[in-house]
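Reading through the structure tokens given below for one structure.
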Amino acid sequence: MGSSPAAVEKVEDGPPKPTRVTITNGLTDQLTVHCKSKDDGLGTKVLPNNASFSWHFTPSIFWNTLFFCSFDWEGNTGGLKRFDIYVEKRDLLRCLECNWLINQSGPCLYNKEAKAYDKCYSFRN
């Protein structure tokens, strides 16, 4: 998996640069999302189909920034779905704008080169 020159410059130019995470509801039902880090709670958001919410932050120089989210929607079985939406060690070199589409099977990260949400993951319960 290659990184874009802009993402590499993020590390080579000194401290990490501000990063934005956007979550978009790819379900037909409304999506309830609650995201937080160790230090910051972002509250609960209710997103209709195709609606988004985003936040920005500056990752840690220690490579330990983590934001995690829970997801729920009508018809969801098996309880809340969870996913670590931003893991600095995973995401720092691949996105300054981390755009996620939430589907029933899990979140998919937008790939600028492919112009598609093609980096998909499974939820954890």
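We label chains A, B, ... in the order they appear in the structure tokens, count residues from 1 in each chain, and number ligands from 1 in the order shown.
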Exercise. Please, which residues of segment 45-117 of chain A, numbered as in this document, come out strand (DSSP E) from DSSP, as number ranges by chain?
Worked result: A: 45-47, 52-57, 66-73, 81-87, 97-103, 106-111, 116-117
Write the residues of the selection above to a file with N, CA, C and O atoms, as a compact mmCIF listing (two decimals), in the first residue's frame.
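Now in again_13.txt:
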```txt
# COMPACT_ATOMS: atom_id res chain seq x y z
N LYS A 45 -24.36 11.47 17.42
CA LYS A 45 -24.88 12.07 16.20
C LYS A 45 -25.87 11.10 15.57
O LYS A 45 -25.62 9.89 15.53
N VAL A 46 -26.97 11.62 15.06
CA VAL A 46 -27.95 10.82 14.32
C VAL A 46 -27.93 11.31 12.89
O VAL A 46 -28.24 12.47 12.61
N LEU A 47 -27.53 10.41 11.97
CA LEU A 47 -27.33 10.79 10.57
C LEU A 47 -28.35 10.11 9.67
O LEU A 47 -28.42 8.88 9.61
N SER A 52 -23.45 13.31 6.72
CA SER A 52 -22.08 13.14 7.26
C SER A 52 -21.87 14.03 8.46
O SER A 52 -22.58 15.01 8.66
N PHE A 53 -20.88 13.67 9.24
CA PHE A 53 -20.34 14.60 10.24
C PHE A 53 -18.84 14.40 10.27
O PHE A 53 -18.31 13.36 9.90
N SER A 54 -18.14 15.45 10.68
CA SER A 54 -16.68 15.37 10.68
C SER A 54 -16.11 16.16 11.84
O SER A 54 -16.79 16.97 12.46
N TRP A 55 -14.86 15.89 12.12
CA TRP A 55 -14.11 16.63 13.13
C TRP A 55 -12.65 16.64 12.71
O TRP A 55 -12.23 15.88 11.85
N HIS A 56 -11.91 17.56 13.29
CA HIS A 56 -10.48 17.63 12.98
C HIS A 56 -9.69 17.66 14.28
O HIS A 56 -10.21 18.02 15.33
N PHE A 57 -8.44 17.30 14.15
CA PHE A 57 -7.53 17.21 15.29
C PHE A 57 -6.11 17.14 14.74
O PHE A 57 -5.91 16.94 13.55
N LEU A 66 -5.98 7.86 18.90
CA LEU A 66 -6.99 6.85 18.61
C LEU A 66 -8.37 7.47 18.82
O LEU A 66 -8.64 8.05 19.87
N PHE A 67 -9.23 7.37 17.81
CA PHE A 67 -10.65 7.69 17.94
C PHE A 67 -11.43 6.42 17.64
O PHE A 67 -11.13 5.74 16.65
N PHE A 68 -12.39 6.11 18.47
CA PHE A 68 -13.19 4.91 18.27
C PHE A 68 -14.67 5.29 18.31
O PHE A 68 -15.05 6.26 18.96
N CYS A 69 -15.48 4.54 17.57
CA CYS A 69 -16.90 4.87 17.42
C CYS A 69 -17.76 3.64 17.62
O CYS A 69 -17.34 2.51 17.34
N SER A 70 -18.99 3.89 18.07
CA SER A 70 -20.02 2.86 18.08
C SER A 70 -21.10 3.29 17.11
O SER A 70 -21.34 4.49 16.91
N PHE A 71 -21.75 2.29 16.50
CA PHE A 71 -22.75 2.53 15.47
C PHE A 71 -23.98 1.68 15.76
O PHE A 71 -23.87 0.53 16.17
N ASP A 72 -25.15 2.25 15.50
CA ASP A 72 -26.39 1.50 15.64
C ASP A 72 -27.40 2.03 14.63
O ASP A 72 -27.33 3.21 14.24
N TRP A 73 -28.30 1.18 14.18
CA TRP A 73 -29.34 1.57 13.24
C TRP A 73 -30.50 0.61 13.38
O TRP A 73 -30.36 -0.48 13.94
N LYS A 81 -22.31 -1.88 17.02
CA LYS A 81 -21.13 -2.20 16.22
C LYS A 81 -20.07 -1.18 16.58
O LYS A 81 -20.36 -0.01 16.79
N ARG A 82 -18.84 -1.63 16.65
CA ARG A 82 -17.74 -0.74 17.04
C ARG A 82 -16.62 -0.81 16.02
O ARG A 82 -16.41 -1.83 15.37
N PHE A 83 -15.89 0.32 15.92
CA PHE A 83 -14.74 0.35 15.03
C PHE A 83 -13.81 1.47 15.47
O PHE A 83 -14.26 2.55 15.86
N ASP A 84 -12.50 1.21 15.39
CA ASP A 84 -11.49 2.24 15.66
C ASP A 84 -11.35 3.05 14.37
O ASP A 84 -10.68 2.65 13.42
N ILE A 85 -12.00 4.21 14.33
CA ILE A 85 -12.15 4.98 13.11
C ILE A 85 -10.86 5.72 12.72
O ILE A 85 -10.61 5.98 11.55
N TYR A 86 -10.04 6.07 13.70
CA TYR A 86 -8.73 6.65 13.41
C TYR A 86 -7.71 6.05 14.36
O TYR A 86 -7.79 6.22 15.57
N VAL A 87 -6.75 5.34 13.79
CA VAL A 87 -5.62 4.76 14.53
C VAL A 87 -4.38 5.37 13.90
O VAL A 87 -4.09 5.11 12.72
N GLU A 97 -7.31 13.66 5.10
CA GLU A 97 -8.77 13.69 5.03
C GLU A 97 -9.20 12.23 5.02
O GLU A 97 -9.13 11.56 3.99
N CYS A 98 -9.62 11.71 6.17
CA CYS A 98 -10.02 10.31 6.29
C CYS A 98 -11.54 10.24 6.17
O CYS A 98 -12.26 10.60 7.11
N ASN A 99 -12.02 9.82 5.01
CA ASN A 99 -13.45 9.79 4.72
C ASN A 99 -13.95 8.35 4.78
O ASN A 99 -13.51 7.51 3.99
N TRP A 100 -14.90 8.10 5.68
CA TRP A 100 -15.43 6.77 5.91
C TRP A 100 -16.90 6.70 5.51
O TRP A 100 -17.68 7.59 5.85
N LEU A 101 -17.27 5.64 4.83
CA LEU A 101 -18.66 5.34 4.50
C LEU A 101 -19.07 4.14 5.34
O LEU A 101 -18.41 3.09 5.30
N ILE A 102 -20.15 4.29 6.10
CA ILE A 102 -20.58 3.21 6.99
C ILE A 102 -21.68 2.40 6.29
O ILE A 102 -22.72 2.95 5.91
N ASN A 103 -21.44 1.11 6.13
CA ASN A 103 -22.39 0.15 5.55
C ASN A 103 -22.74 -0.88 6.62
O ASN A 103 -22.08 -0.95 7.66
N GLY A 106 -19.71 -2.97 7.51
CA GLY A 106 -18.58 -2.31 8.16
C GLY A 106 -18.22 -1.00 7.47
O GLY A 106 -18.82 -0.63 6.46
N PRO A 107 -17.22 -0.30 8.00
CA PRO A 107 -16.79 0.97 7.43
C PRO A 107 -15.82 0.76 6.26
O PRO A 107 -15.02 -0.18 6.26
N CYS A 108 -15.91 1.66 5.28
CA CYS A 108 -15.00 1.64 4.14
C CYS A 108 -14.33 3.01 4.01
O CYS A 108 -15.01 4.04 4.03
N LEU A 109 -13.02 3.02 3.88
CA LEU A 109 -12.24 4.24 3.75
C LEU A 109 -12.12 4.64 2.28
O LEU A 109 -11.87 3.79 1.42
N TYR A 110 -12.29 5.93 2.01
CA TYR A 110 -12.18 6.44 0.65
C TYR A 110 -10.73 6.43 0.20
O TYR A 110 -9.84 6.91 0.90
N ASN A 111 -10.51 5.89 -0.97
CA ASN A 111 -9.19 5.83 -1.59
C ASN A 111 -9.16 6.87 -2.70
O ASN A 111 -9.83 6.72 -3.72
N ALA A 116 -12.74 5.68 -4.87
CA ALA A 116 -13.76 4.74 -4.41
C ALA A 116 -13.55 4.44 -2.92
O ALA A 116 -12.43 4.56 -2.41
N TYR A 117 -14.61 4.04 -2.26
CA TYR A 117 -14.53 3.55 -0.88
C TYR A 117 -14.16 2.07 -0.95
O TYR A 117 -15.01 1.20 -0.85
```
Problem set entry | Atom-to-atom span, atom CA of Phe62 of chain A and atom CA of Ile23 of chain A, Å |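 Value for the atom CA of Phe62 of chain A-atom CA of Ile23 of chain A distance: 24.9 Å.
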Exercise. Between atom CA of Arg94 of chain A and atom CA of Lys119 of chain A, what is the spacing in Å?
Worked result: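 Computed distance, atom CA of Lys119 of chain A to atom CA of Arg94 of chain A, equals 11.3 Å.
Of the residues under consideration (A:Cys35, A:Asp29, A:Ile61, A:Leu96), A:Asp29 shows the shortest atom-to-atom contact distance to Asn49 of chain A when counting only C-alpha atoms.
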Seminar exercise, completed: Pairwise distance, atom CA of Asp39 of chain A with atom CA of Leu93 of chain A, equals 22.6 Å
Seminar exercise, completed: Nearest to Asp91 of chain A, restricted to only C-alpha atoms and choosing among A:Ala114, A:Thr65, A:Asn50, A:Gly41, comes out as A:Thr65
